[in-house]
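Below is structure33.tsv, holding TSV, C-alpha atoms.
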```
chain	number	residue	atom	x	y	z
K	481	MET	CA	3.02	-13.19	-10.39
K	482	ALA	CA	5.24	-12.37	-7.42
K	483	LEU	CA	5.12	-13.90	-3.96
K	484	ALA	CA	4.09	-11.51	-1.17
K	485	ILE	CA	4.96	-13.05	2.19
K	486	PHE	CA	3.85	-11.77	5.58
K	487	ASP	CA	4.85	-12.62	9.10
K	488	LEU	CA	1.79	-12.70	11.33
K	489	ASP	CA	2.41	-11.78	14.95
K	490	ASN	CA	3.25	-8.13	15.59
K	491	THR	CA	3.25	-7.60	11.83
K	492	LEU	CA	-0.29	-8.09	10.50
K	493	LEU	CA	-1.55	-8.34	14.08
K	494	ALA	CA	-1.03	-5.77	16.83
K	495	GLY	CA	0.12	-8.47	19.21
K	496	ASP	CA	1.27	-12.08	19.42
K	497	SER	CA	-1.40	-14.72	18.74
K	498	ASP	CA	0.68	-17.49	20.30
K	499	HIS	CA	1.07	-15.63	23.58
K	500	ALA	CA	-2.57	-14.58	23.46
K	501	TRP	CA	-3.62	-18.22	23.08
K	502	GLY	CA	-1.76	-19.01	26.28
K	503	GLU	CA	-3.60	-16.21	28.06
K	504	PHE	CA	-6.92	-17.46	26.69
K	505	ALA	CA	-6.19	-21.03	27.78
K	506	CYS	CA	-5.57	-19.74	31.30
K	507	GLU	CA	-8.73	-17.62	31.29
K	508	ILE	CA	-11.08	-20.49	30.37
K	509	GLY	CA	-9.41	-22.97	32.71
K	510	LEU	CA	-7.72	-25.29	30.22
K	511	VAL	CA	-4.43	-25.15	32.11
K	512	ASP	CA	-2.99	-24.32	35.50
K	513	VAL	CA	-2.92	-20.53	35.46
K	514	GLU	CA	0.17	-19.95	37.57
K	515	LEU	CA	2.40	-22.62	36.04
K	516	PHE	CA	1.31	-22.27	32.42
K	517	GLY	CA	1.13	-18.49	32.55
K	518	SER	CA	4.63	-18.07	33.93
K	519	ARG	CA	6.07	-20.50	31.37
K	520	ASN	CA	4.15	-18.72	28.61
K	521	ASP	CA	5.74	-15.41	29.58
K	522	ALA	CA	9.20	-17.00	29.83
K	523	PHE	CA	8.95	-18.59	26.39
K	524	TYR	CA	7.79	-15.29	24.89
K	525	GLN	CA	10.79	-13.53	26.36
K	526	ASP	CA	13.04	-16.23	24.89
K	527	TYR	CA	11.46	-15.52	21.51
K	528	LEU	CA	12.09	-11.80	21.84
K	529	ASP	CA	15.69	-12.56	22.82
K	530	GLY	CA	16.20	-14.92	19.87
K	531	GLN	CA	16.83	-17.87	22.20
K	532	LEU	CA	13.61	-19.84	21.82
K	533	ASP	CA	13.68	-23.64	21.96
K	534	ILE	CA	10.98	-24.02	19.32
K	535	GLN	CA	10.21	-27.69	19.97
K	536	ALA	CA	9.82	-27.13	23.72
K	537	TYR	CA	7.66	-24.11	23.08
K	538	LEU	CA	5.41	-25.90	20.59
K	539	ARG	CA	4.72	-28.67	23.11
K	540	HIS	CA	3.92	-26.00	25.70
K	541	ALA	CA	1.58	-24.10	23.35
K	542	LEU	CA	-0.17	-27.30	22.24
K	543	ALA	CA	-0.64	-28.68	25.76
K	544	PRO	CA	-4.14	-27.13	26.17
K	545	ILE	CA	-5.49	-29.11	23.19
K	546	ALA	CA	-3.58	-32.37	23.73
K	547	GLY	CA	-6.10	-35.20	23.63
K	548	GLN	CA	-8.92	-32.91	22.54
K	549	SER	CA	-11.10	-33.54	19.50
K	550	LEU	CA	-10.86	-31.28	16.48
K	551	ALA	CA	-14.44	-30.15	17.07
K	552	GLN	CA	-13.87	-29.16	20.69
K	553	ALA	CA	-10.63	-27.33	19.88
K	554	ALA	CA	-12.35	-25.50	17.01
K	555	GLU	CA	-15.09	-24.33	19.39
K	556	TRP	CA	-12.50	-22.90	21.75
K	557	HIS	CA	-10.74	-21.27	18.83
K	558	GLN	CA	-13.90	-19.46	17.78
K	559	GLN	CA	-14.07	-17.91	21.24
K	560	PHE	CA	-10.37	-17.07	21.01
K	561	MET	CA	-10.85	-15.33	17.67
K	562	ARG	CA	-13.63	-13.15	19.05
K	563	SER	CA	-11.99	-12.21	22.33
K	564	LYS	CA	-8.30	-12.03	21.44
K	565	ILE	CA	-7.63	-11.90	17.70
K	566	GLU	CA	-10.26	-9.54	16.33
K	567	PRO	CA	-8.99	-6.66	18.53
K	568	MET	CA	-5.48	-7.30	17.17
K	569	VAL	CA	-6.34	-7.13	13.45
K	570	LEU	CA	-4.70	-4.07	11.93
K	571	ALA	CA	-6.70	-2.16	9.32
K	572	ALA	CA	-3.47	-1.09	7.63
K	573	GLY	CA	-2.43	-4.74	7.49
K	574	LEU	CA	-5.64	-5.64	5.69
K	575	GLU	CA	-5.05	-2.76	3.29
K	576	LEU	CA	-1.51	-3.95	2.58
K	577	ILE	CA	-2.75	-7.46	1.83
K	578	GLU	CA	-5.39	-6.03	-0.50
K	579	GLN	CA	-2.81	-3.95	-2.36
K	580	HIS	CA	-0.84	-7.09	-3.14
K	581	ARG	CA	-4.00	-8.99	-4.05
K	582	LEU	CA	-4.94	-6.31	-6.57
K	583	ARG	CA	-1.46	-6.57	-8.13
K	584	GLY	CA	-2.10	-10.26	-8.68
K	585	ASP	CA	0.57	-11.37	-6.19
K	586	THR	CA	0.50	-14.76	-4.51
K	587	LEU	CA	-0.26	-14.16	-0.84
K	588	MET	CA	1.35	-16.16	1.93
K	589	ILE	CA	1.78	-16.01	5.70
K	590	ILE	CA	4.83	-17.69	7.22
K	591	THR	CA	4.72	-17.86	10.99
K	592	ALA	CA	6.40	-19.70	13.83
K	593	THR	CA	3.03	-19.97	15.55
K	594	ASN	CA	1.38	-23.37	15.15
K	595	ARG	CA	-1.21	-24.14	12.49
K	596	PHE	CA	-4.04	-24.78	14.96
K	597	ILE	CA	-3.84	-21.17	16.09
K	598	THR	CA	-3.01	-19.54	12.77
K	599	ALA	CA	-5.07	-21.30	10.07
K	600	PRO	CA	-8.34	-19.55	11.07
K	601	ILE	CA	-6.47	-16.25	11.38
K	602	ALA	CA	-5.02	-16.55	7.88
K	603	GLU	CA	-8.52	-17.28	6.60
K	604	ARG	CA	-9.86	-14.22	8.43
K	605	LEU	CA	-7.17	-12.06	6.81
K	606	GLY	CA	-7.91	-13.48	3.37
K	607	VAL	CA	-4.46	-15.02	2.84
K	608	PRO	CA	-4.77	-18.39	1.06
K	609	HIS	CA	-1.31	-19.83	1.65
K	610	LEU	CA	0.03	-20.54	5.13
K	611	LEU	CA	3.30	-22.05	6.30
K	612	ALA	CA	3.18	-22.66	10.04
K	613	CYS	CA	4.43	-25.16	12.60
K	614	ASP	CA	2.34	-28.24	11.96
K	615	VAL	CA	0.63	-30.23	14.69
K	616	GLU	CA	0.07	-33.96	14.94
K	617	ILE	CA	-3.48	-35.31	14.67
K	618	ARG	CA	-4.44	-38.92	15.32
K	619	ASP	CA	-7.94	-40.42	15.20
K	620	GLY	CA	-9.53	-36.98	15.03
K	621	HIS	CA	-7.71	-35.68	18.11
K	622	TYR	CA	-4.71	-33.44	18.68
K	623	THR	CA	-1.81	-35.29	20.30
K	624	GLY	CA	-0.07	-32.15	21.56
K	625	GLU	CA	3.03	-32.98	19.52
K	626	PRO	CA	4.54	-30.85	16.74
K	627	GLU	CA	5.50	-32.38	13.42
K	628	GLY	CA	7.36	-31.41	10.28
K	629	ILE	CA	9.70	-28.48	9.72
K	630	PRO	CA	9.40	-25.84	12.46
K	631	THR	CA	8.79	-22.56	10.61
K	632	TYR	CA	10.97	-20.57	12.98
K	633	ALA	CA	14.05	-18.45	12.12
K	634	ALA	CA	16.04	-20.26	9.38
K	635	GLY	CA	13.36	-22.95	9.37
K	636	LYS	CA	11.10	-20.50	7.55
K	637	VAL	CA	13.54	-20.52	4.65
K	638	VAL	CA	13.68	-24.32	4.62
K	639	ALA	CA	9.89	-24.62	4.64
K	640	LEU	CA	9.50	-21.99	1.94
K	641	GLU	CA	12.06	-23.67	-0.31
K	642	ALA	CA	10.15	-26.95	0.01
K	643	TRP	CA	6.89	-25.16	-0.83
K	644	LEU	CA	8.45	-23.44	-3.84
K	645	ALA	CA	9.79	-26.74	-5.17
K	646	GLU	CA	6.32	-28.26	-4.89
K	647	SER	CA	4.44	-25.29	-6.32
K	648	GLY	CA	6.82	-24.52	-9.17
K	649	LEU	CA	7.04	-20.87	-8.14
K	650	ASP	CA	10.21	-18.92	-7.30
K	651	LEU	CA	11.34	-15.82	-5.41
K	652	GLU	CA	11.56	-13.51	-8.42
K	653	GLY	CA	9.92	-10.23	-7.40
K	654	SER	CA	9.21	-11.60	-3.92
K	655	CYS	CA	8.82	-9.53	-0.76
K	656	PHE	CA	8.59	-10.34	2.93
K	657	TYR	CA	7.18	-8.18	5.73
K	658	SER	CA	8.25	-8.86	9.32
K	659	ASP	CA	8.75	-7.21	12.69
K	660	SER	CA	11.27	-9.63	14.17
K	661	HIS	CA	15.03	-10.15	14.06
K	662	ASN	CA	14.24	-13.87	14.16
K	663	ASP	CA	13.11	-13.49	10.54
K	664	ILE	CA	16.37	-12.05	9.21
K	665	PRO	CA	17.21	-15.32	7.36
K	666	LEU	CA	14.04	-15.08	5.29
K	667	LEU	CA	14.30	-11.32	4.89
K	668	GLU	CA	17.75	-11.90	3.40
K	669	ALA	CA	16.36	-14.52	0.99
K	670	VAL	CA	13.66	-12.44	-0.73
K	671	GLU	CA	14.14	-9.67	-3.29
K	672	ARG	CA	12.44	-6.98	-1.20
K	673	ALA	CA	12.71	-7.05	2.58
K	674	VAL	CA	10.42	-4.78	4.59
K	675	ALA	CA	10.74	-4.27	8.35
K	676	VAL	CA	7.32	-3.58	9.88
K	677	ASP	CA	7.28	-1.85	13.25
K	678	PRO	CA	10.55	-3.70	13.85
K	679	ASP	CA	12.17	-4.70	17.12
K	680	GLU	CA	15.42	-2.89	17.84
K	681	ARG	CA	17.71	-5.61	16.49
K	682	LEU	CA	15.81	-5.78	13.21
K	683	ARG	CA	15.64	-1.99	12.99
K	684	ARG	CA	19.44	-1.78	13.23
K	685	HIS	CA	19.93	-4.58	10.70
K	686	ALA	CA	17.41	-3.06	8.30
K	687	GLY	CA	19.17	0.29	8.55
K	688	ASN	CA	22.53	-1.30	7.79
K	689	ARG	CA	21.09	-3.21	4.82
K	690	GLY	CA	19.10	-0.28	3.48
K	691	TRP	CA	15.78	-2.08	3.80
K	692	GLU	CA	12.48	-0.26	3.88
K	693	ILE	CA	11.00	0.31	7.34
K	694	ILE	CA	7.27	0.91	7.66
K	695	SER	CA	4.59	1.03	10.33
K	696	LEU	CA	1.14	-0.51	10.15
K	697	ARG	CA	0.19	0.98	13.51
K	698	ALA	CA	0.83	4.69	12.94
```

Let me see the file written as structure tokens.
Amino acid sequence: MALAIFDLDNTLLAGDSDHAWGEFACEIGLVDVELFGSRNDAFYQDYLDGQLDIQAYLRHALAPIAGQSLAQAAEWHQQFMRSKIEPMVLAAGLELIEQHRLRGDTLMIITATNRFITAPIAERLGVPHLLACDVEIRDGHYTGEPEGIPTYAAGKVVALEAWLAESGLDLEGSCFYSDSHNDIPLLEAVERAVAVDPDERLRRHAGNRGWEIISLRA
């Protein structure tokens, strides 16, 4: 039973759920639109450039739910799923997941986007295992602070290795699908690396390494 790993944003989704959450938070008045929106765009550009300060970004992304109860945040997330995420779900992505499910593979999403945003999305996509940036919860409320291993860049490899040690599984026959050059460390770690609608840096690297390049948007 092989491990089939998927990045989420701009891989299984036709967009970035983290950035979309920032837009949503602005739209419903959870944050100052001008300040938060400009910082959201700046952080996203840092991500694209491979220069993201992941801890600073996580605190920024979690700011709208800091101090909020789990129930209130979940209500907002339901609205977010309907307005922002559903239009991003790629039919070809769902088909790819199903192909691996039918083979009996273990399905996993590894994403740098925080667990508050991504856990309902993974459930919607039918992927049972999720490694994401964890968020601190105290007394039934989000604190706005990240915790644990940030699943970003090489941190994805660290988090996966910890999960493998706990689960007793390994990377034999494993594959990983991603669009981003930030995921090259994990793409190098699996047996089969697949670049999905890749950014230019990943496209060049994939070409040099002889990796498969596919599109889920064609």

One residue among K:Glu692, K:Asp650, K:Gln535, K:Ala484 is nearest to Ile629 in chain K when using only C-alpha atoms, and that residue is K:Gln535

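Take the candidates K:Gly530, K:Gly547, K:Gly635, K:Gly620 and check each one against Ile590 in chain K using all atoms listed in the file; the shortest distance goes to K:Gly635.
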
What does the structure give for the distance between CA of Gln552 in chain K and CA of Thr623 in chain K, in Å to one decimal? 13.5 Å

Smallest atom-to-atom distance to Pro626 in chain K: which of K:Ala592, K:Leu666, K:Lys564, K:Thr586, using only C-alpha atoms? K:Ala592

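Remark: for Val637 in chain K, the closest of the candidate residues K:Phe656, K:Tyr524, K:Trp556, K:Phe596 is K:Phe656 (distances computed over only C-alpha atoms).
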
What's the separation between CA of Asp529 in chain K and CA of Arg681 in chain K, in Å to one decimal place? 9.6 Å

What is the CA of Leu574 in chain K to CA of Trp691 in chain K distance in Å? 21.8 Å

With all atoms listed in the file as the counted atoms, please give the residues lying no more than 12 Å from Val638 in chain K, apart from itself and same-chain residues fewer than 6 positions off, as a count of residues only. 13

Residues near Ala522 in chain K, anyone? I mean within 12 Å using all atoms listed in the file, not counting same-chain ones fewer than 3 positions away, as a list in words.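 Near neighbours after the sequence-gap exclusion: His499, Gly502, Leu515, Phe516, Gly517, Ser518, Arg519, Gln525, Asp526, Tyr527, Leu528, Asp529, Gln531, Leu532, Asp533, Ala536, Tyr537 and His540 of chain K.
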
Tell me which protein, DNA and RNA residues are within 9 Å of Ala553 in chain K, counting all atoms listed in the file, leaving out same-chain ones fewer than 5 positions away, and put them as a compact mmCIF listing (two decimals) with C-alpha atoms, keeping the file's coordinate frame.
```
# COMPACT_ATOMS: atom_id res chain seq x y z
CA ILE K 545 -5.49 -29.11 23.19
CA GLN K 548 -8.92 -32.91 22.54
CA GLN K 558 -13.90 -19.46 17.78
CA PHE K 596 -4.04 -24.78 14.96
CA TYR K 622 -4.71 -33.44 18.68
```

Env of range 575-583 of chain K: 12 Å cut, atoms = all atoms listed in the file, seq-sep filter 3 positions within chain, self excluded. Answer as a ChimeraX atom specification. /K:481-488,491-492,569-572,586-589,602,604-608,653-657,676,694-696

Near Ala546 in chain K, within 10 Å and counting only C-alpha atoms, which residues show up once chain neighbours fewer than 3 positions away are dropped, as a ChimeraX atom specification? /K:539,541-543,549,553,616-617,621-625

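Here the question is which of K:Trp501, K:Asp585, K:Pro544, K:Glu680 gets nearest to Leu649 in chain K using all atoms listed in the file, and that residue is K:Asp585.
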
Selected residue, from K:Val615, K:Met568, K:Leu493, K:Ala554, that lies nearest to Ser658 in chain K when counting all atoms listed in the file: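 That would be K:Leu493, the residue with the smallest distance to Ser658 in chain K.
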
Take every atom of range 676-682 of chain K listed in the file, fit an axis-aligned box around them, add 4 Å per side, and give the centre and edge lengths in Å to one decimal as lines of an AutoDock Vina configuration file.
```
center_x = 12.5
center_y = -3.8
center_z = 13.9
size_x = 18.4
size_y = 11.9
size_z = 16.0
```

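Residues of protein, DNA and RNA with at least one atom no farther than 12 Å from (19.2, -12.3, 6.6) are, using only C-alpha atoms, K:Ala633, K:Ala634, K:Lys636, K:Val637, K:Phe656, K:Ser658, K:Ser660, K:His661, K:Asn662, K:Asp663, K:Ile664, K:Pro665, K:Leu666, K:Leu667, K:Glu668, K:Ala669, K:Val670, K:Glu671, K:Arg672, K:Ala673, K:Val674, K:Ala675, K:Leu682, K:His685, K:Ala686, K:Asn688, K:Arg689, K:Trp691.
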